[in-house]
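Enquirer: File work08.csv follows (CSV, C-alpha atoms):
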chain,number,residue,atom,x,y,z
C,321,MET,CA,75.7,42.4,-108.4
C,322,SER,CA,72.8,40.1,-107.3
C,323,ARG,CA,70.3,41.0,-104.6
C,324,THR,CA,71.7,38.3,-102.3
C,325,THR,CA,75.3,39.2,-102.9
C,326,ALA,CA,74.9,42.9,-101.9
C,327,PRO,CA,73.6,42.3,-98.3
C,328,LYS,CA,76.3,39.7,-97.7
C,329,LYS,CA,79.0,42.1,-98.9
C,330,LYS,CA,77.6,44.7,-96.5
C,331,LEU,CA,77.7,42.2,-93.6
C,332,GLU,CA,81.3,41.2,-94.5
C,333,SER,CA,82.3,44.9,-94.4
C,334,MET,CA,81.1,45.3,-90.8
C,335,ASN,CA,83.5,45.0,-87.9
C,336,LEU,CA,82.7,42.5,-85.0
C,337,THR,CA,80.9,45.1,-82.9
C,338,GLU,CA,78.6,46.1,-85.8
C,339,LEU,CA,78.0,42.5,-86.7
C,340,ARG,CA,76.9,41.6,-83.1
C,341,ALA,CA,74.6,44.6,-83.1
C,342,ARG,CA,73.0,43.4,-86.4
C,343,TYR,CA,72.8,39.9,-85.0
C,344,ARG,CA,70.9,41.2,-82.0
C,345,GLU,CA,68.6,43.2,-84.2
C,346,VAL,CA,67.8,40.3,-86.6
C,347,VAL,CA,68.0,37.2,-84.4
C,348,GLY,CA,66.7,38.9,-81.3
C,349,GLU,CA,69.4,37.5,-79.0
C,350,GLU,CA,72.8,38.7,-77.6
C,351,THR,CA,76.0,37.0,-78.7
C,352,ARG,CA,79.6,37.2,-77.8
C,353,SER,CA,80.8,35.0,-80.6
C,354,PRO,CA,84.1,36.3,-82.2
C,355,ASN,CA,83.4,34.2,-85.4
C,356,LYS,CA,82.3,36.7,-88.1
C,357,LYS,CA,81.5,33.9,-90.6
C,358,SER,CA,79.2,32.2,-88.1
C,359,LEU,CA,77.5,35.5,-87.2
C,360,ILE,CA,77.0,36.3,-90.9
C,361,ARG,CA,75.6,32.8,-91.6
C,362,ARG,CA,73.1,33.1,-88.6
C,363,ILE,CA,72.0,36.6,-89.7
C,364,GLU,CA,71.4,35.4,-93.3
C,365,GLU,CA,69.5,32.3,-92.1
C,366,SER,CA,67.2,34.4,-89.9
C,367,LEU,CA,66.6,36.9,-92.6
C,368,ALA,CA,65.7,34.1,-95.0
C,369,ALA,CA,63.4,32.5,-92.5
C,370,GLN,CA,61.7,35.8,-91.8
C,371,LYS,CA,61.2,36.3,-95.5
C,372,ARG,CA,59.6,32.9,-95.9
C,373,ARG,CA,57.4,33.5,-92.9
C,374,SER,CA,56.5,37.1,-93.7
C,375,PRO,CA,53.0,38.0,-92.6
C,376,THR,CA,52.3,39.2,-96.2
C,377,ARG,CA,52.4,35.6,-97.3
C,378,ARG,CA,49.7,33.1,-96.5
C,379,VAL,CA,51.0,30.6,-94.0
C,380,ALA,CA,49.3,27.2,-93.4
C,381,ALA,CA,47.7,27.5,-89.9
C,382,THR,CA,47.9,24.6,-87.5
C,383,ALA,CA,44.7,25.7,-85.8
C,384,PRO,CA,41.3,26.4,-87.5
C,385,SER,CA,41.2,29.8,-89.0
C,386,ALA,CA,39.2,32.4,-87.1
C,387,PRO,CA,35.8,33.1,-88.8
C,388,PRO,CA,35.5,36.4,-90.6
C,389,PRO,CA,34.0,39.3,-88.5
C,390,ALA,CA,30.3,39.7,-88.5
C,391,PRO,CA,28.9,42.5,-90.6
C,392,ALA,CA,28.1,44.5,-87.5
C,393,ALA,CA,31.7,44.4,-86.4
C,394,GLN,CA,33.0,45.9,-89.7
C,395,ALA,CA,34.5,49.3,-89.5
C,396,ASP,CA,32.4,52.2,-90.8
C,397,THR,CA,33.0,53.2,-94.4
C,398,PRO,CA,35.9,55.7,-94.4
C,399,ALA,CA,35.1,59.3,-95.3
C,400,GLU,CA,35.9,60.3,-98.9
C,401,GLY,CA,39.6,61.1,-99.3
C,402,THR,CA,40.8,59.0,-96.4
C,403,GLN,CA,42.7,55.8,-96.7
C,404,GLN,CA,41.5,52.7,-94.8
C,405,PRO,CA,44.4,51.0,-93.0
C,406,ALA,CA,45.4,47.5,-94.3
C,407,ARG,CA,44.0,44.7,-92.2
C,408,GLN,CA,46.4,42.2,-90.6
C,409,ARG,CA,45.6,38.6,-90.6
C,410,GLY,CA,46.4,35.7,-88.3
C,411,ARG,CA,46.1,35.2,-84.6
C,412,PHE,CA,48.9,37.7,-83.8
C,413,ALA,CA,47.1,40.5,-85.7
C,414,SER,CA,45.6,42.2,-82.6
C,415,MET,CA,48.8,41.9,-80.5
C,416,SER,CA,51.0,44.8,-79.7
C,417,LEU,CA,54.8,44.5,-79.8
C,418,GLN,CA,55.0,44.2,-76.0
C,419,GLU,CA,52.3,41.5,-76.1
C,420,LEU,CA,54.3,39.6,-78.7
C,421,LYS,CA,57.4,39.8,-76.6
C,422,GLU,CA,55.5,38.4,-73.6
C,423,LYS,CA,54.1,35.6,-75.8
C,424,TYR,CA,57.7,34.9,-77.0
C,425,ARG,CA,58.9,34.7,-73.4
C,426,GLU,CA,56.0,32.3,-72.6
C,427,VAL,CA,56.5,30.0,-75.5
C,428,VAL,CA,60.2,30.2,-76.2
C,429,GLY,CA,61.1,30.3,-72.5
C,430,ARG,CA,63.5,33.3,-72.5
C,431,PRO,CA,63.2,37.1,-73.1
C,432,THR,CA,64.1,38.8,-76.3
C,433,GLY,CA,65.3,42.3,-77.2
C,434,SER,CA,64.0,42.0,-80.8
C,435,SER,CA,61.4,44.5,-82.1
C,436,ASN,CA,61.0,42.7,-85.4
C,437,VAL,CA,57.4,41.7,-85.4
C,438,ALA,CA,57.8,39.2,-88.3
C,439,TYR,CA,60.7,37.5,-86.5
C,440,LEU,CA,58.8,37.2,-83.2
C,441,GLN,CA,55.8,35.7,-84.9
C,442,TRP,CA,58.0,33.2,-86.8
C,443,LYS,CA,59.9,32.2,-83.7
C,444,ILE,CA,56.8,31.7,-81.6
C,445,ARG,CA,55.3,29.4,-84.3
C,446,GLU,CA,58.6,27.5,-84.7
C,447,ALA,CA,58.8,27.0,-80.9
C,448,GLU,CA,55.2,25.8,-80.8
C,449,ALA,CA,55.9,23.3,-83.5
C,450,GLY,CA,59.0,22.0,-81.7
C,451,ARG,CA,61.4,23.1,-84.5
C,452,VAL,CA,63.6,25.4,-82.4
C,453,PRO,CA,65.2,24.9,-78.9
C,454,VAL,CA,63.2,26.5,-76.1
C,455,GLY,CA,64.2,27.4,-72.5
C,456,PRO,CA,67.1,29.5,-71.2
C,457,ARG,CA,70.4,29.4,-73.0
C,458,PRO,CA,72.8,27.0,-71.3
C,459,GLU,CA,75.7,28.7,-69.5
C,460,ARG,CA,79.1,28.2,-71.1
C,461,GLU,CA,81.3,25.9,-69.2
C,462,VAL,CA,84.1,27.8,-67.4
C,463,LYS,CA,87.4,26.1,-68.0
C,464,VAL,CA,89.5,25.4,-64.8
C,465,ARG,CA,93.2,24.7,-65.2
C,466,GLU,CA,95.1,22.1,-63.2
C,467,ASP,CA,96.3,24.9,-60.8
C,468,GLY,CA,92.7,25.7,-59.9
C,469,LYS,CA,92.6,29.0,-61.9
C,470,ARG,CA,89.7,29.7,-64.2
C,471,VAL,CA,89.9,30.9,-67.8
C,472,ILE,CA,87.4,33.5,-68.7
C,473,PRO,CA,86.9,34.6,-72.3
C,474,LEU,CA,87.5,38.1,-73.5
C,475,SER,CA,86.7,39.1,-77.1
C,476,PHE,CA,88.3,41.9,-79.0
C,477,ASP,CA,88.5,42.8,-82.6
C,478,ALA,CA,91.9,42.2,-84.2
C,479,GLY,CA,92.8,45.9,-84.6
C,480,SER,CA,92.0,46.7,-81.0
C,481,LEU,CA,93.9,43.7,-79.6
C,482,ALA,CA,97.0,44.6,-81.7
C,483,ALA,CA,96.9,48.2,-80.4
C,484,LEU,CA,96.5,46.9,-76.8
C,485,ASP,CA,99.4,44.5,-77.1
C,486,LYS,CA,101.6,47.2,-78.5
C,487,ALA,CA,100.7,49.6,-75.6
C,488,TRP,CA,101.6,47.1,-72.8
C,489,ARG,CA,104.8,46.0,-74.5
C,490,ASN,CA,105.9,49.7,-74.9
C,491,ALA,CA,105.2,50.1,-71.2
C,492,GLY,CA,107.7,47.3,-70.4
C,493,MET,CA,105.1,44.8,-69.1
C,494,PRO,CA,106.0,41.1,-69.3
C,495,SER,CA,102.7,39.8,-70.6
C,496,ARG,CA,99.1,40.6,-71.5
C,497,THR,CA,97.9,38.8,-68.4
C,498,GLU,CA,100.1,41.0,-66.2
C,499,PHE,CA,98.6,44.1,-68.0
C,500,PHE,CA,95.1,43.0,-67.2
C,501,ARG,CA,96.1,42.1,-63.6
C,502,ARG,CA,97.5,45.6,-63.0
C,503,ALA,CA,94.6,47.4,-64.7
C,504,ILE,CA,92.1,45.5,-62.6
C,505,ARG,CA,94.0,46.2,-59.4
C,506,ARG,CA,94.3,49.9,-60.1
C,507,HIS,CA,90.6,50.2,-61.0
C,508,LEU,CA,89.6,48.4,-57.9
C,509,VAL,CA,91.7,50.8,-55.8
C,510,ASP,CA,90.0,53.7,-57.5
C,511,MET,CA,86.6,52.2,-56.8
C,512,GLY,CA,87.5,52.0,-53.1
C,513,ALA,CA,87.9,48.2,-52.9
C,514,PRO,CA,91.6,47.8,-51.7
C,515,GLU,CA,90.9,44.4,-50.2
C,516,VAL,CA,89.7,43.0,-53.5
C,517,ALA,CA,92.6,44.8,-55.3
C,518,ALA,CA,95.1,43.0,-53.1
C,519,LEU,CA,93.9,39.7,-54.7
C,520,PHE,CA,95.4,40.9,-58.0
C,521,ALA,CA,98.9,41.5,-56.7
C,522,PRO,CA,101.7,40.6,-59.2
C,523,ASP,CA,101.8,36.9,-60.0
C,524,GLU,CA,104.8,35.4,-58.2
C,525,GLY,CA,104.7,32.2,-60.3
Would you mind writing the file's structure down as structure tokens?

Expert:
Amino acid sequence: MSRTTAPKKKLESMNLTELRARYREVVGEETRSPNKKSLIRRIEESLAAQKRRSPTRRVAATAPSAPPPAPAAQADTPAEGTQQPARQRGRFASMSLQELKEKYREVVGRPTGSSNVAYLQWKIREAEAGRVPVGPRPEREVKVREDGKRVIPLSFDAGSLAALDKAWRNAGMPSRTEFFRRAIRRHLVDMGAPEVAALFAPDEG
């Protein structure tokens, strides 16, 4: 099995919840997409981009390189038997993870939950070069039916949805919508919000 096939097989074996968690870890953004193929493709693209932009490789800088430190600024020779830490290069070398996240917010225009240093550095460079979209993610358009009711998306993995449908059918409920309506109404009553619960009375239509 090739090196590229093994990670893909591992991604394909994940359920939707695990894929979304991996997406958040690699891409640095939340997603509610139910499309496993799309999630796997985005994860693979981000991993490939991170590999290309890895700080261990020399990247052509758009700004003049910083001059080497003066001899006086060099660290003292380490004592015998100790290991000198490897030096990081580039303008991000002195930045902590939190500082990188703040720089990401400043340049990309939105926060990130990623702790992947290589990804953050790559995304900042791409945003500065105008190669990736910047600014807040656009809100998804909420669909409104002709009767004025809105359609809101709910995502479930196939196994959970099948078990849910079996449960409400066994309980004699007429539809999945009615199940959600009753569940919301009951929970609102338990929360001490009977006025709101009344809005979810059985649908007469």

Enquirer: Between atom CA of C:Tyr424 and atom CA of C:Ser358, what distance in Å does the model show, to one decimal?

Expert: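 Computing it gives 24.3 Å between the two atoms.
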
Enquirer: Between C:Leu367, C:Ala478, C:Val509, C:Ala491, which has the minimum distance to C:Trp442 (counting all atoms listed in the file)?

Expert: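 Looking at the shortest contact to C:Trp442, the residue is C:Leu367.
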
Enquirer: Could you check how far atom CA of C:Arg430 sits from atom CA of C:Arg451, in Å to one decimal?

Expert: 15.9 Å

Enquirer: Determine, counting all atoms listed in the file, which protein, DNA and RNA residues have an atom within 12 Å of an atom of C:Leu331; residues of the same chain fewer than 2 positions away are not included. Present the result as a PyMOL selection string.

Expert: chain C and resi 324-329+333-343+356-364

Enquirer: Grab the residues selected above and save them as a tab-separated table (two decimals), in the frame of the given file with C-alpha atoms.

Expert:
chain	number	residue	atom	x	y	z
C	324	THR	CA	71.70	38.30	-102.30
C	325	THR	CA	75.30	39.20	-102.90
C	326	ALA	CA	74.90	42.90	-101.90
C	327	PRO	CA	73.60	42.30	-98.30
C	328	LYS	CA	76.30	39.70	-97.70
C	329	LYS	CA	79.00	42.10	-98.90
C	333	SER	CA	82.30	44.90	-94.40
C	334	MET	CA	81.10	45.30	-90.80
C	335	ASN	CA	83.50	45.00	-87.90
C	336	LEU	CA	82.70	42.50	-85.00
C	337	THR	CA	80.90	45.10	-82.90
C	338	GLU	CA	78.60	46.10	-85.80
C	339	LEU	CA	78.00	42.50	-86.70
C	340	ARG	CA	76.90	41.60	-83.10
C	341	ALA	CA	74.60	44.60	-83.10
C	342	ARG	CA	73.00	43.40	-86.40
C	343	TYR	CA	72.80	39.90	-85.00
C	356	LYS	CA	82.30	36.70	-88.10
C	357	LYS	CA	81.50	33.90	-90.60
C	358	SER	CA	79.20	32.20	-88.10
C	359	LEU	CA	77.50	35.50	-87.20
C	360	ILE	CA	77.00	36.30	-90.90
C	361	ARG	CA	75.60	32.80	-91.60
C	362	ARG	CA	73.10	33.10	-88.60
C	363	ILE	CA	72.00	36.60	-89.70
C	364	GLU	CA	71.40	35.40	-93.30

Enquirer: Which residue out of C:Glu426, C:Asp467, C:Glu332, C:Glu515 has the minimum interatomic distance to C:Asn355 when all atoms listed in the file are used?

Expert: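 Using all atoms listed in the file, C:Asn355 sits closest to C:Glu332.
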
Enquirer: Would you list the contacts of C:Ser434 as a VMD selection string, taking every protein, DNA or RNA residue within 12 Å and counting all atoms listed in the file, but skipping same-chain residues closer than 5 positions in sequence?

Expert: chain C and resid 341 to 350 417 to 418 420 to 422 424 to 425 439 to 441 443

Enquirer: Counting all atoms listed in the file, which residue out of C:Val452, C:Arg411, C:Phe520, C:Arg457 sits closest to C:His507?

Expert: C:Phe520

Enquirer: What gap, in Å, lies between atom CA of C:Thr497 and atom CA of C:Ser480?

Expert: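 Answer for the atom CA of C:Thr497 to atom CA of C:Ser480 separation: 16.0 Å.
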
Enquirer: Any chance you could build stretch 447-458 of chain C out to all heavy atoms and write it as a PDB file, keeping the file's coordinate frame?

Expert:
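Output below, filename out_26.pdb:
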ATOM      1  N   ALA C 447      58.658  27.549 -82.244  1.00  0.00           N
ATOM      2  CA  ALA C 447      58.800  27.000 -80.900  1.00  0.00           C
ATOM      3  C   ALA C 447      57.549  26.097 -80.599  1.00  0.00           C
ATOM      4  O   ALA C 447      57.668  25.007 -80.027  1.00  0.00           O
ATOM      5  CB  ALA C 447      58.912  28.063 -79.863  1.00  0.00           C
ATOM      6  N   GLU C 448      56.375  26.568 -80.990  1.00  0.00           N
ATOM      7  CA  GLU C 448      55.200  25.800 -80.800  1.00  0.00           C
ATOM      8  C   GLU C 448      55.177  24.475 -81.540  1.00  0.00           C
ATOM      9  O   GLU C 448      54.642  23.464 -81.082  1.00  0.00           O
ATOM     10  CB  GLU C 448      53.933  26.617 -81.148  1.00  0.00           C
ATOM     11  CG  GLU C 448      53.638  27.762 -80.181  1.00  0.00           C
ATOM     12  CD  GLU C 448      52.485  28.620 -80.646  1.00  0.00           C
ATOM     13  OE1 GLU C 448      52.196  28.651 -81.859  1.00  0.00           O
ATOM     14  OE2 GLU C 448      51.858  29.276 -79.796  1.00  0.00           O
ATOM     15  N   ALA C 449      55.805  24.507 -82.709  1.00  0.00           N
ATOM     16  CA  ALA C 449      55.900  23.300 -83.500  1.00  0.00           C
ATOM     17  C   ALA C 449      57.041  22.402 -83.160  1.00  0.00           C
ATOM     18  O   ALA C 449      57.202  21.316 -83.723  1.00  0.00           O
ATOM     19  CB  ALA C 449      55.995  23.699 -85.017  1.00  0.00           C
ATOM     20  N   GLY C 450      57.863  22.843 -82.192  1.00  0.00           N
ATOM     21  CA  GLY C 450      59.000  22.000 -81.700  1.00  0.00           C
ATOM     22  C   GLY C 450      60.172  22.021 -82.691  1.00  0.00           C
ATOM     23  O   GLY C 450      60.995  21.113 -82.672  1.00  0.00           O
ATOM     24  N   ARG C 451      60.291  23.074 -83.517  1.00  0.00           N
ATOM     25  CA  ARG C 451      61.400  23.100 -84.500  1.00  0.00           C
ATOM     26  C   ARG C 451      62.582  23.933 -84.059  1.00  0.00           C
ATOM     27  O   ARG C 451      63.589  23.972 -84.761  1.00  0.00           O
ATOM     28  CB  ARG C 451      60.853  23.618 -85.842  1.00  0.00           C
ATOM     29  CG  ARG C 451      59.916  22.646 -86.552  1.00  0.00           C
ATOM     30  CD  ARG C 451      59.617  23.092 -87.968  1.00  0.00           C
ATOM     31  NE  ARG C 451      58.751  24.250 -88.004  1.00  0.00           N
ATOM     32  CZ  ARG C 451      57.432  24.179 -88.144  1.00  0.00           C
ATOM     33  NH1 ARG C 451      56.826  23.016 -88.241  1.00  0.00           N
ATOM     34  NH2 ARG C 451      56.711  25.291 -88.175  1.00  0.00           N
ATOM     35  N   VAL C 452      62.486  24.603 -82.914  1.00  0.00           N
ATOM     36  CA  VAL C 452      63.600  25.400 -82.400  1.00  0.00           C
ATOM     37  C   VAL C 452      63.778  25.067 -80.906  1.00  0.00           C
ATOM     38  O   VAL C 452      62.803  24.728 -80.224  1.00  0.00           O
ATOM     39  CB  VAL C 452      63.442  26.892 -82.610  1.00  0.00           C
ATOM     40  CG1 VAL C 452      63.411  27.241 -84.083  1.00  0.00           C
ATOM     41  CG2 VAL C 452      62.178  27.380 -81.908  1.00  0.00           C
ATOM     42  N   PRO C 453      64.990  25.179 -80.365  1.00  0.00           N
ATOM     43  CA  PRO C 453      65.200  24.900 -78.900  1.00  0.00           C
ATOM     44  C   PRO C 453      64.454  25.977 -78.102  1.00  0.00           C
ATOM     45  O   PRO C 453      64.377  27.150 -78.474  1.00  0.00           O
ATOM     46  CB  PRO C 453      66.719  25.069 -78.758  1.00  0.00           C
ATOM     47  CG  PRO C 453      67.296  24.944 -80.119  1.00  0.00           C
ATOM     48  CD  PRO C 453      66.268  25.470 -81.057  1.00  0.00           C
ATOM     49  N   VAL C 454      63.913  25.542 -76.972  1.00  0.00           N
ATOM     50  CA  VAL C 454      63.200  26.500 -76.100  1.00  0.00           C
ATOM     51  C   VAL C 454      63.907  26.390 -74.688  1.00  0.00           C
ATOM     52  O   VAL C 454      64.661  25.459 -74.397  1.00  0.00           O
ATOM     53  CB  VAL C 454      61.737  26.135 -75.936  1.00  0.00           C
ATOM     54  CG1 VAL C 454      61.031  26.292 -77.267  1.00  0.00           C
ATOM     55  CG2 VAL C 454      61.524  24.717 -75.404  1.00  0.00           C
ATOM     56  N   GLY C 455      63.632  27.390 -73.857  1.00  0.00           N
ATOM     57  CA  GLY C 455      64.200  27.400 -72.500  1.00  0.00           C
ATOM     58  C   GLY C 455      65.436  28.324 -72.493  1.00  0.00           C
ATOM     59  O   GLY C 455      65.922  28.788 -73.528  1.00  0.00           O
ATOM     60  N   PRO C 456      65.952  28.614 -71.295  1.00  0.00           N
ATOM     61  CA  PRO C 456      67.100  29.500 -71.200  1.00  0.00           C
ATOM     62  C   PRO C 456      68.322  28.904 -71.891  1.00  0.00           C
ATOM     63  O   PRO C 456      68.476  27.694 -72.013  1.00  0.00           O
ATOM     64  CB  PRO C 456      67.364  29.517 -69.637  1.00  0.00           C
ATOM     65  CG  PRO C 456      66.065  29.093 -69.025  1.00  0.00           C
ATOM     66  CD  PRO C 456      65.440  28.149 -69.989  1.00  0.00           C
ATOM     67  N   ARG C 457      69.153  29.797 -72.384  1.00  0.00           N
ATOM     68  CA  ARG C 457      70.400  29.400 -73.000  1.00  0.00           C
ATOM     69  C   ARG C 457      71.310  28.741 -71.993  1.00  0.00           C
ATOM     70  O   ARG C 457      71.484  29.288 -70.902  1.00  0.00           O
ATOM     71  CB  ARG C 457      71.095  30.563 -73.663  1.00  0.00           C
ATOM     72  CG  ARG C 457      70.354  31.161 -74.857  1.00  0.00           C
ATOM     73  CD  ARG C 457      70.405  30.236 -76.036  1.00  0.00           C
ATOM     74  NE  ARG C 457      69.837  30.842 -77.237  1.00  0.00           N
ATOM     75  CZ  ARG C 457      69.584  30.193 -78.351  1.00  0.00           C
ATOM     76  NH1 ARG C 457      69.819  28.889 -78.411  1.00  0.00           N
ATOM     77  NH2 ARG C 457      69.083  30.802 -79.387  1.00  0.00           N
ATOM     78  N   PRO C 458      71.908  27.587 -72.299  1.00  0.00           N
ATOM     79  CA  PRO C 458      72.800  27.000 -71.300  1.00  0.00           C
ATOM     80  C   PRO C 458      74.048  27.843 -71.106  1.00  0.00           C
ATOM     81  O   PRO C 458      74.572  28.444 -72.038  1.00  0.00           O
ATOM     82  CB  PRO C 458      73.207  25.642 -71.996  1.00  0.00           C
ATOM     83  CG  PRO C 458      72.960  25.866 -73.458  1.00  0.00           C
ATOM     84  CD  PRO C 458      71.798  26.811 -73.547  1.00  0.00           C
TER      85      PRO C 458
END
